[in-house]
Structure formats: structure tokens, C-alpha cells
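Source file: my_file12.cif (mmCIF, C-alpha atoms)
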data_structure
loop_
_atom_site.label_atom_id
_atom_site.label_comp_id
_atom_site.auth_asym_id
_atom_site.auth_seq_id
_atom_site.Cartn_x
_atom_site.Cartn_y
_atom_site.Cartn_z
CA LEU Y 1198 23.46 7.69 33.05
CA LYS Y 1199 25.58 7.91 36.17
CA ASN Y 1200 28.19 10.20 37.68
CA ILE Y 1201 26.65 13.42 36.45
CA SER Y 1202 29.19 16.20 37.03
CA PRO Y 1203 27.83 19.74 37.35
CA ILE Y 1204 29.98 22.56 36.02
CA TYR Y 1205 28.85 26.03 37.06
CA LEU Y 1206 29.13 28.39 34.10
CA SER Y 1207 28.01 31.50 35.96
CA SER Y 1208 26.96 32.74 39.38
CA TYR Y 1209 25.62 36.05 38.05
CA CYS Y 1210 21.84 36.40 38.32
CA VAL Y 1211 19.15 39.01 37.77
CA ASP Y 1212 16.54 37.21 39.90
CA THR Y 1213 16.02 37.81 43.61
CA CYS Y 1214 14.92 34.46 45.08
CA GLY Y 1215 15.22 34.90 48.85
CA TYR Y 1216 16.49 31.36 49.49
CA CYS Y 1217 19.21 31.27 46.82
CA GLN Y 1218 22.93 31.93 47.17
CA PHE Y 1219 22.98 33.33 43.61
CA SER Y 1220 20.25 35.93 44.29
CA ALA Y 1221 21.02 39.35 42.86
CA LYS Y 1222 20.38 40.77 46.34
CA ARG Y 1223 23.20 38.79 47.95
CA GLU Y 1224 26.19 41.12 48.02
CA ASP Y 1225 28.45 38.54 49.68
CA THR Y 1226 28.32 36.06 46.78
CA GLN Y 1227 31.44 35.83 44.69
CA ARG Y 1228 30.43 36.21 41.04
CA THR Y 1229 32.21 34.53 38.19
CA ARG Y 1230 31.69 33.36 34.61
CA LEU Y 1231 33.69 30.59 33.01
CA SER Y 1232 35.52 31.49 29.83
CA LEU Y 1233 35.85 28.89 27.07
CA SER Y 1234 39.41 28.15 28.13
CA GLN Y 1235 38.32 27.71 31.76
CA LEU Y 1236 35.50 25.46 30.58
CA GLU Y 1237 37.98 23.27 28.72
CA GLU Y 1238 40.06 22.91 31.89
CA GLU Y 1239 36.99 21.98 33.95
CA VAL Y 1240 35.63 19.47 31.43
CA SER Y 1241 39.05 17.89 30.90
CA ALA Y 1242 39.42 17.43 34.67
CA VAL Y 1243 35.99 15.79 34.89
CA ILE Y 1244 36.77 13.45 31.99
CA ALA Y 1245 40.10 12.53 33.60
CA GLU Y 1246 38.13 11.33 36.63
CA GLY Y 1247 36.11 9.03 34.39
CA ASN Y 1248 32.90 11.07 34.34
CA HIS Y 1249 31.40 11.67 30.92
CA VAL Y 1250 28.08 13.34 31.69
CA ILE Y 1251 28.38 17.10 32.10
CA GLU Y 1252 25.63 19.29 33.52
CA PHE Y 1253 26.00 22.98 32.73
CA THR Y 1254 24.50 24.92 35.64
CA LEU Y 1255 23.96 28.65 35.73
CA ALA Y 1256 21.73 31.28 37.21
CA THR Y 1257 19.67 33.79 35.20
CA ASP Y 1258 22.65 35.43 33.55
CA PRO Y 1259 21.80 37.56 30.46
CA ASP Y 1260 25.43 37.27 29.35
CA PHE Y 1261 24.90 33.58 28.56
CA THR Y 1262 22.83 33.94 25.43
CA GLN Y 1263 21.55 31.04 23.37
CA ASN Y 1264 24.46 31.44 20.95
CA LYS Y 1265 27.01 31.48 23.75
CA LEU Y 1266 25.50 28.36 25.31
CA ALA Y 1267 25.67 26.64 21.91
CA GLU Y 1268 29.36 27.54 21.67
CA TYR Y 1269 30.04 25.99 25.09
CA ILE Y 1270 28.06 22.87 24.17
CA VAL Y 1271 29.98 22.40 20.90
CA LYS Y 1272 33.31 22.77 22.72
CA THR Y 1273 32.30 20.22 25.38
CA LYS Y 1274 30.97 17.73 22.83
CA LYS Y 1275 34.34 17.79 21.06
CA LEU Y 1276 36.10 17.10 24.35
CA LEU Y 1277 33.78 14.20 25.14
CA ARG Y 1278 34.49 12.65 21.73
CA ASP Y 1279 31.20 10.75 21.69
CA ARG Y 1280 32.35 8.42 24.45
CA GLU Y 1281 29.83 5.73 25.30
CA GLY Y 1282 27.35 6.98 27.89
CA SER Y 1283 28.45 10.60 27.52
CA GLY Y 1284 26.08 13.53 27.36
CA ILE Y 1285 25.59 17.22 28.03
CA LEU Y 1286 22.80 18.56 30.24
CA LEU Y 1287 21.64 22.12 30.83
CA CYS Y 1288 20.23 23.51 34.09
CA SER Y 1289 19.51 27.16 33.40
CA ASP Y 1290 16.96 29.88 32.95
CA TYR Y 1291 13.91 28.73 30.95
CA LEU Y 1292 14.26 28.94 27.16
CA THR Y 1293 11.99 28.86 24.12
CA THR Y 1294 11.28 25.71 22.11
CA THR Y 1295 13.31 27.13 19.22
CA ALA Y 1296 16.26 27.75 21.54
CA TYR Y 1297 16.12 24.18 22.84
CA GLN Y 1298 15.96 22.87 19.27
CA GLU Y 1299 19.06 24.83 18.30
CA LEU Y 1300 20.94 23.71 21.41
CA THR Y 1301 19.92 20.12 20.64
CA SER Y 1302 21.45 20.53 17.19
CA ALA Y 1303 24.63 21.82 18.85
CA GLY Y 1304 24.88 18.62 20.92
CA LEU Y 1305 22.74 19.13 24.02
CA TRP Y 1306 21.31 15.82 25.27
CA GLY Y 1307 19.02 16.83 28.11
CA MET Y 1308 17.55 19.58 30.27
CA VAL Y 1309 17.43 19.69 34.07
CA GLN Y 1310 14.84 21.78 35.86
CA TRP Y 1311 13.81 21.53 39.47
CA ASP Y 1312 10.46 23.31 39.72
CA GLU Y 1313 10.81 25.68 42.65
CA THR Y 1314 7.21 24.90 43.59
CA LEU Y 1315 4.04 24.04 41.67
CA ASP Y 1316 1.94 25.84 44.27
CA ARG Y 1317 1.03 29.02 42.39
CA GLY Y 1318 0.49 31.07 45.54
CA GLN Y 1319 3.77 30.06 47.12
CA TYR Y 1320 5.57 30.55 43.82
CA LYS Y 1321 4.35 34.15 43.71
CA LYS Y 1322 5.42 34.65 47.33
CA TRP Y 1323 8.99 33.55 46.61
CA HIS Y 1324 9.41 34.84 43.04
CA GLY Y 1325 6.85 37.58 42.47
CA GLN Y 1326 9.50 40.32 42.59
CA SER Y 1327 12.05 38.58 40.37
CA PRO Y 1328 12.40 40.26 36.96
CA ARG Y 1329 12.71 36.98 35.06
CA LYS Y 1330 11.48 34.11 37.22
CA SER Y 1331 8.20 35.78 38.20
CA ASN Y 1332 6.38 34.23 35.21
CA PHE Y 1333 4.92 31.03 36.68
CA GLU Y 1334 3.57 29.57 33.43
CA ASP Y 1335 6.74 30.09 31.40
CA ARG Y 1336 8.79 28.51 34.16
CA ILE Y 1337 6.71 25.39 34.76
CA ASP Y 1338 6.17 24.74 31.03
CA THR Y 1339 9.92 24.41 30.42
CA HIS Y 1340 9.80 20.61 30.45
CA ASP Y 1341 7.19 20.67 27.67
CA ARG Y 1342 9.31 22.93 25.49
CA ALA Y 1343 12.45 20.87 26.07
CA MET Y 1344 10.76 17.53 25.36
CA SER Y 1345 9.06 18.87 22.24
CA ALA Y 1346 12.58 19.80 21.06
CA GLY Y 1347 13.68 16.17 21.52
CA LEU Y 1348 15.56 16.55 24.79
CA GLU Y 1349 15.59 14.17 27.73
CA ILE Y 1350 14.55 15.85 30.96
CA ALA Y 1351 15.18 15.69 34.68
CA ALA Y 1352 12.23 16.77 36.80
CA GLY Y 1353 11.45 17.37 40.44
CA CYS Y 1354 10.90 20.12 42.97
CA LEU Y 1355 12.77 22.16 45.53
CA PHE Y 1356 11.34 20.99 48.83
CA GLY Y 1357 10.90 23.68 51.43
CA LEU Y 1358 8.94 26.39 49.63
CA ALA Y 1359 5.47 24.86 50.02
CA ASP Y 1360 3.74 21.84 51.58
CA PHE Y 1361 5.90 18.86 50.64
CA ARG Y 1362 2.88 16.55 50.30
CA TYR Y 1363 1.32 18.80 47.67
CA GLU Y 1364 4.66 19.04 45.87
CA VAL Y 1365 5.11 15.26 45.68
CA LEU Y 1366 1.62 14.66 44.31
CA MET Y 1367 1.93 17.46 41.77
CA GLN Y 1368 5.32 16.21 40.57
CA ILE Y 1369 3.98 12.68 40.12
CA SER Y 1370 1.05 14.11 38.18
CA LYS Y 1371 3.39 16.17 36.02
CA ALA Y 1372 5.67 13.20 35.29
CA ARG Y 1373 2.64 11.12 34.24
CA TYR Y 1374 1.44 13.92 31.99
CA LEU Y 1375 4.85 14.23 30.31
CA GLU Y 1376 4.98 10.49 29.68
CA GLN Y 1377 1.50 10.54 28.13
CA GLU Y 1378 2.30 13.59 26.02
CA TYR Y 1379 5.80 12.69 24.80
CA GLY Y 1380 6.01 8.92 25.25
CA LYS Y 1381 8.82 8.86 27.80
CA LYS Y 1382 9.45 9.57 31.45
CA PRO Y 1383 11.95 11.95 33.03
CA PHE Y 1384 15.31 10.17 33.20
CA VAL Y 1385 15.80 11.66 36.67
CA PHE Y 1386 13.02 12.36 39.15
CA GLY Y 1387 14.06 13.95 42.40
CA THR Y 1388 15.02 17.11 44.24
CA PRO Y 1389 18.22 19.20 44.11
CA ARG Y 1390 18.62 19.56 47.88
CA ILE Y 1391 16.78 19.29 51.16
CA LYS Y 1392 18.99 21.47 53.35
CA SER Y 1393 18.92 25.24 53.73
CA ILE Y 1394 21.58 27.22 51.89
CA GLY Y 1395 23.16 30.60 52.46
CA GLY Y 1396 21.69 30.82 55.94
CA MET Y 1397 18.14 30.90 54.60
CA PRO Y 1398 15.66 28.66 56.49
CA LEU Y 1399 13.30 26.51 54.46
CA HIS Y 1400 9.91 25.02 55.22
CA PRO Y 1401 10.15 23.62 58.78
CA LYS Y 1402 8.53 20.30 57.81
#
Could you show the structure in this file as C-alpha cells?
Amino acid sequence: LKNISPIYLSSYCVDTCGYCQFSAKREDTQRTRLSLSQLEEEVSAVIAEGNHVIEFTLATDPDFTQNKLAEYIVKTKKLLRDREGSGILLCSDYLTTTAYQELTSAGLWGMVQWDETLDRGQYKKWHGQSPRKSNFEDRIDTHDRAMSAGLEIAAGCLFGLADFRYEVLMQISKARYLEQEYGKKPFVFGTPRIKSIGGMPLHPK
């Protein structure tokens, strides 16, 4: 796959991650949710540019239920018309295995999750007060649930929240485990960004 085009479905969020522009605590963030008609405009514009891999990206927005996500996936799949090399990815709040199975049936091809950090202590520091993301185990096991549902996965970490050396080794270990467990590697292995965002400093190293 190449030319993955992210489309942000929502900037609403219930979580309070201190480094994130979407944090529920950030009063200066403009909040929006794409309607189905707006989604069609966005996807059509991406396709017109020759990009056929769409990544739905959204924060922890309770309004985007499993059924609503399925509706958006079905709409996008119709617009893509099974073009060669096309696919739909989801970068969202963690879901259950059953939810991933149903979204796969709707046309989802893969799941993207950048582990914030695999350092349990640092994870608690950054996310311990978040109503949804505070559950470390449920968050880091997302790749397992997605792959057991038949999805391809993108894996990696968000550098800056813990010691980068620890993060790299843990991500390599996790990728090896996933390959042993499910017979295939992550199709992307990386990090979403290395710069600070929203004026929030990250790990100095």
C-alpha cells in the first residue's frame, strides 16, 4: 500500500491526554464531526487525486458507535469501487474483537494503532486520569483483537512519552510476537510523529 490518506471523522474526545490537541481539556480546539455527505466529499476528493487507501482517524468520540463506523465504511467502500490496491483503515478508540469482526464484514481492511507507550508506569502518568484510555491492558491488546478478527495492522509507538530505547525494543518484541501468533507482520511499523503538538513539549531526548 502507498499514499495512505487520513480523513478525520471527529475531533471530539472524552480523554484528557496532556500532549494531544484533541484532549477534552483543550478549550481552544475546534470540534467537528463529518456527516455522511461530508465524508463522501472528502473521499471523492482523495480518489480524484489518485489515492485509494483511506484511513479513518478519530479521537475517543462516543458518538461514533460501531454501527455508525460500519455505515461510514460501507459508504467509502462503494466509492472506492474495489479499485486495485484500495483499502479502508481505522485509527480510533480500541474496540472489541466482535466489533472488529463486524467492521471487517462491512469492508474494513486494516487497523492502525500507535501505542502511546508500552512503559506501564509512564502510560499511567499520561493517561491515568482519562475516562477511557486509562485501561493499559485493553489499549495495548488492540492489535491482538484486530488481527484475530482478520484485519491487517499498523503498529508502532508515540515517541516522547518514555525512554525511546525501551519503546523501540518493546515494539520490536511486540511485532515478533504478533507474527508468531497470527502468521504475519504489521504492514506498517513506525511512529505517527516525532514533533511536539499543541505547544506541549515531549521527551527531551
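Across the structure, atom CA of Y:Leu1305 and atom CA of Y:Arg1228 are spaced 25.3 Å apart.
Among the candidates Y:Glu1349, Y:Glu1246, Y:Glu1313, Y:Asp1260, the one nearest to Y:Leu1206 when counting only C-alpha atoms is Y:Asp1260.
With all atoms listed in the file as the atoms that count, the residue of Y:Leu1375, Y:Phe1386, Y:Asp1290, Y:Ser1207 with the shortest distance to Y:Asp1335 is Y:Asp1290.
Residue nearest Y:Ile1337, chosen from Y:Asp1258, Y:Glu1299, Y:Asp1225, Y:Asp1316 and counting only C-alpha atoms: Y:Asp1316.
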Surrounding residues of Y:Asp1212 excluding itself and chain neighbours under 5 positions, 8 Å, only C-alpha atoms, as a VMD selection string: chain Y and resid 1220 to 1221 1257 1327 to 1330
So how many Å separate atom CA of Y:Ile1244 and atom CA of Y:Tyr1269, to one decimal? 15.8 Å
Using the chain letters and numbering of this document, enumerate as a PyMOL selection string the residues selected by the PyMOL selection byres ((chain Y and resi 1243) around 12). chain Y and resi 1200-1204+1236-1242+1244-1252+1273+1276-1277+1283
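Taking atom CA of Y:Ala1267 as the reference point, atom CA of Y:Ala1303 is found at 5.8 Å.
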The PyMOL selection byres ((chain Y and resi 1334) around 12) resolved against shown file, as a ChimeraX atom specification: /Y:1291,1312,1314-1317,1320-1321,1329-1333,1335-1342
Can those selected residues be exported to a file as a CSV table (one decimal), keeping the file's coordinate frame so that it contains C-alpha atoms?
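Saved result, selection08.csv, follows:
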chain,number,residue,atom,x,y,z
Y,1291,TYR,CA,13.9,28.7,31.0
Y,1312,ASP,CA,10.5,23.3,39.7
Y,1314,THR,CA,7.2,24.9,43.6
Y,1315,LEU,CA,4.0,24.0,41.7
Y,1316,ASP,CA,1.9,25.8,44.3
Y,1317,ARG,CA,1.0,29.0,42.4
Y,1320,TYR,CA,5.6,30.6,43.8
Y,1321,LYS,CA,4.4,34.2,43.7
Y,1329,ARG,CA,12.7,37.0,35.1
Y,1330,LYS,CA,11.5,34.1,37.2
Y,1331,SER,CA,8.2,35.8,38.2
Y,1332,ASN,CA,6.4,34.2,35.2
Y,1333,PHE,CA,4.9,31.0,36.7
Y,1335,ASP,CA,6.7,30.1,31.4
Y,1336,ARG,CA,8.8,28.5,34.2
Y,1337,ILE,CA,6.7,25.4,34.8
Y,1338,ASP,CA,6.2,24.7,31.0
Y,1339,THR,CA,9.9,24.4,30.4
Y,1340,HIS,CA,9.8,20.6,30.4
Y,1341,ASP,CA,7.2,20.7,27.7
Y,1342,ARG,CA,9.3,22.9,25.5
